[in-house]
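Engineer: This is the structure I have questions about; it appears just below.
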Amino acid sequence: MNDFNYLSDHLSCEEVPVETIAREAGTPFYLYSHRTLRRHFRIFDSAFAEVPHIVCFAVKANSNTAILRIFVREGGGVDLVSGGELYRALKAGVDPGKIVYSGVGKREDEIDFALRTGILMFNVESDQELEKINTRAQILGVRAGIGLRVNPDVDPQTHPHISTGLRENKFGINIEASLTAYRRAAGLKHLDIKGVSCHIGSQVTKLSPFIDALARLKELILQLRKEGIAIRYLDLGGGLGITYDRETPPHPSEYARAIIDAAREIDCTFIFEPGRVIVGNAGILVTRVLYTKENEGKRFIIVDAGMNDLVRPSLYGSFHHIQPVIRRKREEIVADVVGPICESGDFLAKGRKLPAFEQGELLAVMSAGAYGFSMSSNYNSRPRAPEILVRDDRWYVIRKRETWEDLDRGEEIPEWMDI
Ligand SMILES: *Cc1c(COP(=O)(O)O)cnc(C)c1O
């Protein structure tokens with residue numbers, strides 16, 4: 001459920017017609033509903049009310065500081081994958097005690113930043129990273145909270161590019177090898193072993209991969225406890241899918257029920273790292289039709305948003321519904337919706353049955369709140385789109401549209417190139 005609905009055939013976000021915003025802000029732009037964001041967070045969080053837990057929003061899904069602030073105000077933490085994300089999280093006011101830091105390639109300066117901040121724990125992905133964190137903690141005179149990111153070797157049955165929990169993926173430490181790694185970690189004086197973590201993939205639409213992973217982690221935790229390594233946090237990552245088209249992912253309450261039931265005997269604080277399920281359907285990308293044309297019987301709708309704004313269709317072949325901002329009865333056609341970028345891979349939809357959209361018309365690319373703006377770029381020297389947040393009957397620019405001056409910021413022409 002989300003708050004993008006037609007009010008007398010005008011697509012609105014909460015109580016604001018999308019057309020009104022487009023008139024003032026120009027296109028393309030990202031548009032988010034505060035009500036949807038907050039509701040999605042609360043649904044997820046309250047599903048786990050009966051067990052101790054922290055919901056650590058995955059910042060990479062949507063990194064805007066105003067959006068992070070919404071979750072901070074709900075008591076949420078964050079899951080980071082870079083120093084830049086830590087910087088954003090602190091700006092948003094996240095409690096360091098609710099920050100977990102994942103990722104295979106943490107740099108020394110990023111580790112130091114996180115150690116100085118006093119985050120809850122690093123999800124460590126290799127033996128060398130364990131050593132590195134231990135050394136940095138010693139130098140800074142602190143103890144580093146850690147967990148190992150274990151690769152449980154389960155198939156999340158999702159797109160290969162967003163599957164992370166298989167043996168052949170680059171993520172985590174094989175579950176068999178993890179026991180040895182934990183024993184090693186227990187001998188490193190500047191580490192405080194707190195947890196076990198995993199993240200099996202993204203856009204997972206079944207419960208069984210989560211439950212299979214949990215079963216393997218549970219065995220590991222019990223084994224570790226036998227050896228005197230006290231595990232207090234069980235981080236099950238993110239990955240719960242959403243409906244883009246016809247997928248039928250489990251509701252967060254079903255997901256929570258299954259996990260709580262399967263984890264009965266382990267007395268741990270749960271950590272979850274949801275991204276997409278919170279923000280995906282809380283945002284849309286609004287774009288305007290520049291031209292329509294027909295080549296050899298193939299129809300194209302050329303819009304002012306491209307793969308630099310929303311790369312998911314080009315990168316993963318992802319599906320996003322495309323709807324008119326002002327709805328009316330008309331014939332349907334089959335067309336490609338393409339952007340202005342000089343790449344054949346620049347499309348938002350391919351061979352899609354759509355209303356016969358017209359030049360100048362506004363379109364809404366739905367379910368664009370996750371991995372939308374956060375994956376956008378300046379390719380083709382296109383200033384990045386603004387991000388706008390609606391709350392009730394008001395709207396707020398939470399990130400300005402970039403200007404041409406933003407494009408060459410930091411660039412310098414060496415003096416010897418004088419003309
Ligand atoms: C990307 C990522 C997430 C969030 O995944 P979603 O599918 O958006 O829920 C959580 N944890 C880690 C470690 C990630 O890399």
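As shown in the structure tokens, the chain order sets the letters A, B, ...; within each chain, residues go from 1, and ligands are also counted from 1 in the order they appear.
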Within 6 Å of ligand 1, which residues show up when you count only C-alpha atoms and all ligand atoms? List them as a list in words, please.
Structural biologist: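 The neighbouring residues of ligand 1 are, in order, Ala58, Ala61, Ser102, His199, Ser202, Gln203, Gly237, Gly238, Gly239, Leu240, Glu273, Pro274, Gly275 and Arg276 of chain A.
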Engineer: Quick one: residues within 7 Å of region 351-358 of chain A, only C-alpha atoms, excluding same-chain residues fewer than 6 positions away - as a compact mmCIF listing (two decimals) with N, CA and C atoms, in the first residue's frame?
Structural biologist:
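result_17.txt was written with the following content:
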# COMPACT_ATOMS: atom_id res chain seq x y z
N VAL A 289 7.19 13.63 -21.27
CA VAL A 289 7.43 13.11 -22.62
C VAL A 289 7.97 14.26 -23.48
N THR A 292 7.46 11.69 -29.25
CA THR A 292 7.09 10.31 -29.56
C THR A 292 7.48 10.09 -31.02
N ARG A 330 -8.12 6.33 -23.47
CA ARG A 330 -7.48 6.44 -24.78
C ARG A 330 -7.02 5.07 -25.24
N GLU A 331 -6.55 4.99 -26.48
CA GLU A 331 -6.13 3.69 -27.01
C GLU A 331 -4.82 3.25 -26.35
N GLU A 332 -4.57 1.94 -26.41
CA GLU A 332 -3.31 1.41 -25.88
C GLU A 332 -2.38 1.09 -27.04
N ILE A 333 -1.11 1.28 -26.81
CA ILE A 333 -0.10 0.96 -27.81
C ILE A 333 0.99 0.11 -27.15
N VAL A 334 1.87 -0.46 -27.97
CA VAL A 334 3.05 -1.13 -27.42
C VAL A 334 4.24 -0.27 -27.79
N ALA A 335 5.05 0.11 -26.79
CA ALA A 335 6.14 1.04 -27.06
C ALA A 335 7.30 0.81 -26.10
N ASP A 336 8.45 1.37 -26.47
CA ASP A 336 9.59 1.47 -25.56
C ASP A 336 9.57 2.87 -24.97
Engineer: Between A:Val94, A:Val311, A:Ala256, A:Ala385, which one has atoms that come closest to Val397 (chain A), using only C-alpha atoms?
Structural biologist: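 Checking each of A:Val94, A:Val311, A:Ala256, A:Ala385 against Val397 (chain A), counting only C-alpha atoms, the winner is A:Ala385.
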Engineer: Can you work out the spacing between CA of Leu389 (chain A) and CA of Ser33 (chain A) in Å, to one decimal?
Structural biologist: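 Answer for the CA of Leu389 (chain A) to CA of Ser33 (chain A) separation: 5.9 Å.
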Engineer: So that I can check the secondary structure, give me every residue of region 124-369 of chain A assigned helix (DSSP H, G or I) by backbone DSSP, as a PyMOL selection string.
Structural biologist: chain A and resi 127-140+160-162+175-186+208-226+252-262+276-282+312-316
Engineer: My list of candidates is A:Glu125, A:Glu19, A:Glu168, A:Glu219. Which is closest to Thr287 (chain A) when distances are computed with only C-alpha atoms?
Structural biologist: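 The closest residue to Thr287 (chain A) is A:Glu19.
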Engineer: Residues within 9 Å of Ile67 (chain A), please, as a PDB file with all heavy atoms, in the first residue's frame. Count only C-alpha atoms; anything in the same chain fewer than 3 positions from it doesn't count.
Structural biologist:
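Full text of out14.pdb as output:
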ATOM      1  N   TYR A  32       8.653  11.508  -2.954  1.00  0.00           N
ATOM      2  CA  TYR A  32       8.447  10.531  -1.873  1.00  0.00           C
ATOM      3  C   TYR A  32       7.274  10.945  -0.997  1.00  0.00           C
ATOM      4  O   TYR A  32       7.045  12.138  -0.784  1.00  0.00           O
ATOM      5  CB  TYR A  32       9.681  10.453  -0.972  1.00  0.00           C
ATOM      6  CG  TYR A  32      10.988  10.239  -1.700  1.00  0.00           C
ATOM      7  CD1 TYR A  32      11.938  11.268  -1.783  1.00  0.00           C
ATOM      8  CD2 TYR A  32      11.279   9.024  -2.312  1.00  0.00           C
ATOM      9  CE1 TYR A  32      13.142  11.078  -2.446  1.00  0.00           C
ATOM     10  CE2 TYR A  32      12.479   8.826  -2.980  1.00  0.00           C
ATOM     11  CZ  TYR A  32      13.409   9.858  -3.044  1.00  0.00           C
ATOM     12  OH  TYR A  32      14.594   9.667  -3.696  1.00  0.00           O
ATOM     13  N   HIS A  34       5.937  10.982   2.732  1.00  0.00           N
ATOM     14  CA  HIS A  34       6.327  10.856   4.140  1.00  0.00           C
ATOM     15  C   HIS A  34       5.445   9.811   4.846  1.00  0.00           C
ATOM     16  O   HIS A  34       5.921   8.973   5.597  1.00  0.00           O
ATOM     17  CB  HIS A  34       6.198  12.222   4.821  1.00  0.00           C
ATOM     18  CG  HIS A  34       6.486  12.177   6.286  1.00  0.00           C
ATOM     19  ND1 HIS A  34       5.489  12.059   7.228  1.00  0.00           N
ATOM     20  CD2 HIS A  34       7.647  12.204   6.969  1.00  0.00           C
ATOM     21  CE1 HIS A  34       6.046  12.024   8.430  1.00  0.00           C
ATOM     22  NE2 HIS A  34       7.343  12.119   8.305  1.00  0.00           N
ATOM     23  N   LEU A  37       6.495   6.290   3.852  1.00  0.00           N
ATOM     24  CA  LEU A  37       7.796   5.955   4.438  1.00  0.00           C
ATOM     25  C   LEU A  37       7.639   5.584   5.909  1.00  0.00           C
ATOM     26  O   LEU A  37       8.142   4.570   6.376  1.00  0.00           O
ATOM     27  CB  LEU A  37       8.759   7.136   4.294  1.00  0.00           C
ATOM     28  CG  LEU A  37       9.267   7.388   2.863  1.00  0.00           C
ATOM     29  CD1 LEU A  37       9.845   8.792   2.745  1.00  0.00           C
ATOM     30  CD2 LEU A  37      10.307   6.352   2.475  1.00  0.00           C
ATOM     31  N   ASN A  62      18.359   4.320  -0.139  1.00  0.00           N
ATOM     32  CA  ASN A  62      17.963   5.724  -0.300  1.00  0.00           C
ATOM     33  C   ASN A  62      18.713   6.526   0.753  1.00  0.00           C
ATOM     34  O   ASN A  62      18.436   6.405   1.939  1.00  0.00           O
ATOM     35  CB  ASN A  62      16.454   5.908  -0.140  1.00  0.00           C
ATOM     36  CG  ASN A  62      16.035   7.319  -0.537  1.00  0.00           C
ATOM     37  OD1 ASN A  62      16.668   8.301  -0.153  1.00  0.00           O
ATOM     38  ND2 ASN A  62      14.966   7.423  -1.305  1.00  0.00           N
ATOM     39  N   SER A  63      19.647   7.347   0.321  1.00  0.00           N
ATOM     40  CA  SER A  63      20.607   7.948   1.253  1.00  0.00           C
ATOM     41  C   SER A  63      20.284   9.386   1.638  1.00  0.00           C
ATOM     42  O   SER A  63      21.077  10.026   2.327  1.00  0.00           O
ATOM     43  CB  SER A  63      22.005   7.909   0.630  1.00  0.00           C
ATOM     44  OG  SER A  63      22.220   6.699  -0.044  1.00  0.00           O
ATOM     45  N   ASN A  64      19.165   9.908   1.179  1.00  0.00           N
ATOM     46  CA  ASN A  64      18.848  11.304   1.492  1.00  0.00           C
ATOM     47  C   ASN A  64      18.732  11.507   3.009  1.00  0.00           C
ATOM     48  O   ASN A  64      18.036  10.745   3.697  1.00  0.00           O
ATOM     49  CB  ASN A  64      17.542  11.704   0.796  1.00  0.00           C
ATOM     50  CG  ASN A  64      17.260  13.173   0.942  1.00  0.00           C
ATOM     51  OD1 ASN A  64      16.932  13.633   2.037  1.00  0.00           O
ATOM     52  ND2 ASN A  64      17.419  13.919  -0.129  1.00  0.00           N
ATOM     53  N   ILE A  70      13.638  10.580   9.032  1.00  0.00           N
ATOM     54  CA  ILE A  70      12.298  10.031   9.319  1.00  0.00           C
ATOM     55  C   ILE A  70      12.436   8.749  10.138  1.00  0.00           C
ATOM     56  O   ILE A  70      11.731   8.540  11.128  1.00  0.00           O
ATOM     57  CB  ILE A  70      11.530   9.735   8.001  1.00  0.00           C
ATOM     58  CG1 ILE A  70      11.266  11.034   7.232  1.00  0.00           C
ATOM     59  CG2 ILE A  70      10.221   8.987   8.283  1.00  0.00           C
ATOM     60  CD1 ILE A  70      10.710  10.823   5.819  1.00  0.00           C
ATOM     61  N   PHE A  71      13.397   7.906   9.755  1.00  0.00           N
ATOM     62  CA  PHE A  71      13.568   6.625  10.462  1.00  0.00           C
ATOM     63  C   PHE A  71      14.232   6.831  11.829  1.00  0.00           C
ATOM     64  O   PHE A  71      13.946   6.096  12.769  1.00  0.00           O
ATOM     65  CB  PHE A  71      14.369   5.644   9.598  1.00  0.00           C
ATOM     66  CG  PHE A  71      13.791   5.480   8.210  1.00  0.00           C
ATOM     67  CD1 PHE A  71      14.609   5.418   7.086  1.00  0.00           C
ATOM     68  CD2 PHE A  71      12.409   5.425   8.025  1.00  0.00           C
ATOM     69  CE1 PHE A  71      14.067   5.296   5.818  1.00  0.00           C
ATOM     70  CE2 PHE A  71      11.856   5.304   6.756  1.00  0.00           C
ATOM     71  CZ  PHE A  71      12.691   5.234   5.642  1.00  0.00           C
ATOM     72  N   VAL A  72      15.113   7.819  11.918  1.00  0.00           N
ATOM     73  CA  VAL A  72      15.733   8.150  13.210  1.00  0.00           C
ATOM     74  C   VAL A  72      14.640   8.535  14.202  1.00  0.00           C
ATOM     75  O   VAL A  72      14.631   8.090  15.357  1.00  0.00           O
ATOM     76  CB  VAL A  72      16.741   9.307  13.052  1.00  0.00           C
ATOM     77  CG1 VAL A  72      17.197   9.819  14.421  1.00  0.00           C
ATOM     78  CG2 VAL A  72      17.946   8.865  12.229  1.00  0.00           C
ATOM     79  N   ALA A  92      22.102  12.902   9.814  1.00  0.00           N
ATOM     80  CA  ALA A  92      20.676  12.649  10.021  1.00  0.00           C
ATOM     81  C   ALA A  92      20.366  12.427  11.501  1.00  0.00           C
ATOM     82  O   ALA A  92      19.206  12.340  11.883  1.00  0.00           O
ATOM     83  CB  ALA A  92      20.243  11.436   9.192  1.00  0.00           C
ATOM     84  N   LEU A 389       9.798  15.696  -1.028  1.00  0.00           N
ATOM     85  CA  LEU A 389       9.054  14.917  -0.026  1.00  0.00           C
ATOM     86  C   LEU A 389       7.712  15.588   0.227  1.00  0.00           C
ATOM     87  O   LEU A 389       7.654  16.792   0.480  1.00  0.00           O
ATOM     88  CB  LEU A 389       9.855  14.870   1.280  1.00  0.00           C
ATOM     89  CG  LEU A 389       9.210  14.146   2.461  1.00  0.00           C
ATOM     90  CD1 LEU A 389       9.167  12.630   2.228  1.00  0.00           C
ATOM     91  CD2 LEU A 389       9.962  14.452   3.754  1.00  0.00           C
ATOM     92  N   ILE A 398      13.908  18.223  -0.733  1.00  0.00           N
ATOM     93  CA  ILE A 398      14.894  17.691   0.222  1.00  0.00           C
ATOM     94  C   ILE A 398      16.252  17.494  -0.448  1.00  0.00           C
ATOM     95  O   ILE A 398      17.215  17.120   0.201  1.00  0.00           O
ATOM     96  CB  ILE A 398      14.394  16.403   0.925  1.00  0.00           C
ATOM     97  CG1 ILE A 398      14.016  15.315  -0.086  1.00  0.00           C
ATOM     98  CG2 ILE A 398      13.202  16.719   1.839  1.00  0.00           C
ATOM     99  CD1 ILE A 398      13.719  13.962   0.559  1.00  0.00           C
TER     100      ILE A 398
END
Engineer: Near region 343-350 of chain A, counting only C-alpha atoms, which residues have an atom at most 8 Å away, once you skip same-chain residues fewer than 3 positions from it, shown as a list in words?
Structural biologist: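 The neighbour list is Gly306, Met307, Leu310, Pro313, Ser314, Phe319, His320, Ala335, Asp336, Val337, Val338, Gly339 and Pro340 of chain A.
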Engineer: Extract the full set of strand (DSSP E) residues from region 204-365 of chain A according to DSSP on the backbone, and format it as a ChimeraX atom specification.
Structural biologist: /A:233-235,269-272,283-295,298-303,322-324,332-338,347-355,362-365
Engineer: What would the file look like if the residues just selected were written as a tab-separated table (two decimals), in the first residue's frame with N, CA and C atoms?
Structural biologist:
chain	number	residue	atom	x	y	z
A	233	TYR	N	24.06	-10.57	19.30
A	233	TYR	CA	23.26	-10.00	18.21
A	233	TYR	C	23.20	-10.96	17.03
A	234	LEU	N	22.01	-11.11	16.50
A	234	LEU	CA	21.83	-11.91	15.28
A	234	LEU	C	21.29	-10.96	14.21
A	235	ASP	N	22.15	-10.68	13.22
A	235	ASP	CA	21.80	-9.73	12.15
A	235	ASP	C	21.40	-10.53	10.92
A	269	THR	N	19.51	-10.26	20.50
A	269	THR	CA	18.84	-9.10	19.94
A	269	THR	C	18.95	-9.22	18.43
A	270	PHE	N	17.81	-9.13	17.75
A	270	PHE	CA	17.82	-9.22	16.29
A	270	PHE	C	18.18	-7.87	15.67
A	271	ILE	N	18.92	-7.96	14.58
A	271	ILE	CA	19.14	-6.76	13.77
A	271	ILE	C	18.60	-7.07	12.38
A	272	PHE	N	17.88	-6.12	11.81
A	272	PHE	CA	17.42	-6.26	10.43
A	272	PHE	C	17.92	-5.07	9.64
A	283	GLY	N	8.31	5.91	-3.23
A	283	GLY	CA	8.84	6.95	-4.11
A	283	GLY	C	8.54	6.67	-5.57
A	284	ILE	N	8.42	7.74	-6.35
A	284	ILE	CA	8.25	7.61	-7.80
A	284	ILE	C	9.20	8.59	-8.50
A	285	LEU	N	9.40	8.34	-9.78
A	285	LEU	CA	10.19	9.27	-10.60
A	285	LEU	C	9.22	9.90	-11.59
A	286	VAL	N	9.17	11.22	-11.61
A	286	VAL	CA	8.24	11.91	-12.50
A	286	VAL	C	9.02	12.48	-13.68
A	287	THR	N	8.54	12.21	-14.88
A	287	THR	CA	9.26	12.62	-16.08
A	287	THR	C	8.26	13.13	-17.12
A	288	ARG	N	8.76	13.89	-18.08
A	288	ARG	CA	7.88	14.46	-19.10
A	288	ARG	C	8.22	13.86	-20.46
A	289	VAL	N	7.19	13.63	-21.27
A	289	VAL	CA	7.43	13.11	-22.62
A	289	VAL	C	7.97	14.26	-23.48
A	290	LEU	N	9.18	14.04	-24.05
A	290	LEU	CA	9.76	15.05	-24.94
A	290	LEU	C	9.23	14.88	-26.36
A	291	TYR	N	9.26	13.65	-26.83
A	291	TYR	CA	8.83	13.34	-28.20
A	291	TYR	C	8.26	11.94	-28.23
A	292	THR	N	7.46	11.69	-29.25
A	292	THR	CA	7.09	10.31	-29.56
A	292	THR	C	7.48	10.09	-31.02
A	293	LYS	N	7.90	8.86	-31.35
A	293	LYS	CA	8.21	8.59	-32.75
A	293	LYS	C	8.06	7.12	-33.08
A	294	GLU	N	8.05	6.82	-34.37
A	294	GLU	CA	7.90	5.46	-34.84
A	294	GLU	C	9.03	5.17	-35.81
A	295	ASN	N	9.78	4.07	-35.56
A	295	ASN	CA	10.85	3.64	-36.47
A	295	ASN	C	10.52	2.25	-36.95
A	298	LYS	N	8.17	0.36	-34.98
A	298	LYS	CA	8.40	0.31	-33.54
A	298	LYS	C	8.17	1.69	-32.96
A	299	ARG	N	7.46	1.72	-31.86
A	299	ARG	CA	7.12	3.03	-31.29
A	299	ARG	C	7.98	3.34	-30.08
A	300	PHE	N	8.38	4.60	-30.02
A	300	PHE	CA	9.22	5.06	-28.92
A	300	PHE	C	8.57	6.26	-28.23
A	301	ILE	N	8.64	6.25	-26.92
A	301	ILE	CA	8.23	7.42	-26.14
A	301	ILE	C	9.50	7.93	-25.50
A	302	ILE	N	9.93	9.11	-25.91
A	302	ILE	CA	11.20	9.64	-25.43
A	302	ILE	C	10.91	10.63	-24.30
A	303	VAL	N	11.47	10.31	-23.12
A	303	VAL	CA	11.16	11.12	-21.94
A	303	VAL	C	12.41	11.84	-21.44
A	322	ILE	N	4.64	2.24	-15.47
A	322	ILE	CA	4.67	3.63	-15.93
A	322	ILE	C	3.23	4.08	-16.12
A	323	GLN	N	2.87	5.13	-15.44
A	323	GLN	CA	1.48	5.59	-15.43
A	323	GLN	C	1.39	7.06	-15.83
A	324	PRO	N	0.26	7.44	-16.42
A	324	PRO	CA	0.07	8.85	-16.73
A	324	PRO	C	-0.17	9.64	-15.44
A	332	GLU	N	-4.57	1.94	-26.41
A	332	GLU	CA	-3.31	1.41	-25.88
A	332	GLU	C	-2.38	1.09	-27.04
A	333	ILE	N	-1.11	1.28	-26.81
A	333	ILE	CA	-0.10	0.96	-27.81
A	333	ILE	C	0.99	0.11	-27.15
A	334	VAL	N	1.87	-0.46	-27.97
A	334	VAL	CA	3.05	-1.13	-27.42
A	334	VAL	C	4.24	-0.27	-27.79
A	335	ALA	N	5.05	0.11	-26.79
A	335	ALA	CA	6.14	1.04	-27.06
A	335	ALA	C	7.30	0.81	-26.10
A	336	ASP	N	8.45	1.37	-26.47
A	336	ASP	CA	9.59	1.47	-25.56
A	336	ASP	C	9.57	2.87	-24.97
A	337	VAL	N	9.80	2.96	-23.67
A	337	VAL	CA	9.96	4.29	-23.06
A	337	VAL	C	11.45	4.47	-22.86
A	338	VAL	N	12.02	5.46	-23.52
A	338	VAL	CA	13.48	5.62	-23.53
A	338	VAL	C	13.87	7.02	-23.07
A	347	PHE	N	16.80	2.78	-21.30
A	347	PHE	CA	15.35	2.65	-21.40
A	347	PHE	C	14.74	2.50	-20.02
A	348	LEU	N	13.48	2.87	-19.90
A	348	LEU	CA	12.74	2.68	-18.65
A	348	LEU	C	11.74	1.54	-18.79
A	349	ALA	N	11.33	1.26	-20.05
A	349	ALA	CA	10.42	0.14	-20.31
A	349	ALA	C	10.63	-0.30	-21.75
A	350	LYS	N	10.46	-1.60	-21.99
A	350	LYS	CA	10.65	-2.15	-23.34
A	350	LYS	C	9.44	-2.94	-23.76
A	351	GLY	N	8.98	-2.71	-24.99
A	351	GLY	CA	7.86	-3.47	-25.53
A	351	GLY	C	6.69	-3.51	-24.56
A	352	ARG	N	6.38	-2.39	-23.97
A	352	ARG	CA	5.37	-2.30	-22.91
A	352	ARG	C	4.03	-1.83	-23.48
A	353	LYS	N	2.95	-2.47	-23.04
A	353	LYS	CA	1.61	-2.03	-23.40
A	353	LYS	C	1.29	-0.81	-22.53
A	354	LEU	N	1.03	0.30	-23.19
A	354	LEU	CA	0.86	1.57	-22.47
A	354	LEU	C	-0.24	2.40	-23.11
A	355	PRO	N	-0.82	3.33	-22.37
A	355	PRO	CA	-1.71	4.29	-23.01
A	355	PRO	C	-0.91	5.08	-24.04
A	362	LEU	N	3.04	14.34	-18.62
A	362	LEU	CA	3.82	13.88	-17.47
A	362	LEU	C	3.57	12.40	-17.21
A	363	LEU	N	4.64	11.67	-16.94
A	363	LEU	CA	4.52	10.25	-16.61
A	363	LEU	C	5.10	9.99	-15.24
A	364	ALA	N	4.59	8.96	-14.59
A	364	ALA	CA	5.12	8.55	-13.28
A	364	ALA	C	5.72	7.16	-13.43
A	365	VAL	N	6.99	7.05	-13.09
A	365	VAL	CA	7.66	5.75	-13.05
A	365	VAL	C	7.55	5.29	-11.61
Engineer: With a distance cut-off of 10 Å and only C-alpha atoms, select the neighbouring residues of Arg116 (chain A), excluding the residue or stretch itself and same-chain residues fewer than 2 positions from it, and output the selection as a PyMOL selection string.
Structural biologist: chain A and resi 110-114+118-119+137+140-142+144
Engineer: Quick one: pull the distance between CA of Gly195 (chain A) and CA of Leu207 (chain A), Å, one decimal.
Structural biologist: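 A separation of 22.5 Å between them.
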Engineer: Within 12 Å of Glu24 (chain A), counting only C-alpha atoms, which residues show up once you throw out same-chain ones fewer than 4 positions away? Write them as a list of chain:residue names, please.
Structural biologist: A:Pro17, A:Val18, A:Glu19, A:Thr20, A:Pro28, A:Phe29, A:Pro386, A:Ile388, A:Trp395, A:Tyr396, A:Val397
Engineer: Counting only C-alpha atoms, which residue out of A:His190, A:Val51, A:Pro156, A:Asn174 sits closest to Arg264 (chain A)?
Structural biologist: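 Counting only C-alpha atoms, the residue closest to Arg264 (chain A) is A:Val51.
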Engineer: Can you pull out the residues contacting Ala186 (chain A)? Cut-off 12 Å, using only C-alpha atoms, and skip same-chain residues under 3 positions away; I want them as a CSV table (one decimal) with C-alpha atoms, in the first residue's frame.
Structural biologist:
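Printed below is around.csv as written:
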chain,number,residue,atom,x,y,z
A,130,LEU,CA,39.5,-8.8,11.2
A,131,GLU,CA,43.2,-8.1,11.5
A,134,ASN,CA,41.9,-5.1,15.4
A,145,GLY,CA,32.4,-4.4,18.2
A,146,ILE,CA,32.3,-7.0,15.5
A,147,GLY,CA,30.3,-9.8,14.0
A,148,LEU,CA,31.2,-11.9,11.0
A,179,LEU,CA,34.1,-21.1,13.0
A,180,THR,CA,37.9,-20.8,12.6
A,181,ALA,CA,37.6,-17.1,11.9
A,182,TYR,CA,35.6,-16.6,15.2
A,183,ARG,CA,38.2,-18.5,17.1
A,189,LYS,CA,42.4,-8.3,22.1
A,190,HIS,CA,40.9,-5.1,20.6
A,191,LEU,CA,37.8,-6.8,19.2
A,192,ASP,CA,34.6,-7.3,21.1
A,193,ILE,CA,32.7,-10.2,19.4
A,194,LYS,CA,29.0,-9.2,19.5
A,224,LEU,CA,30.1,-20.7,19.3
A,227,GLU,CA,33.1,-22.7,22.9
A,228,GLY,CA,32.5,-19.7,25.2
A,229,ILE,CA,32.1,-17.1,22.5
A,230,ALA,CA,29.0,-15.2,23.5
A,231,ILE,CA,26.9,-14.0,20.6
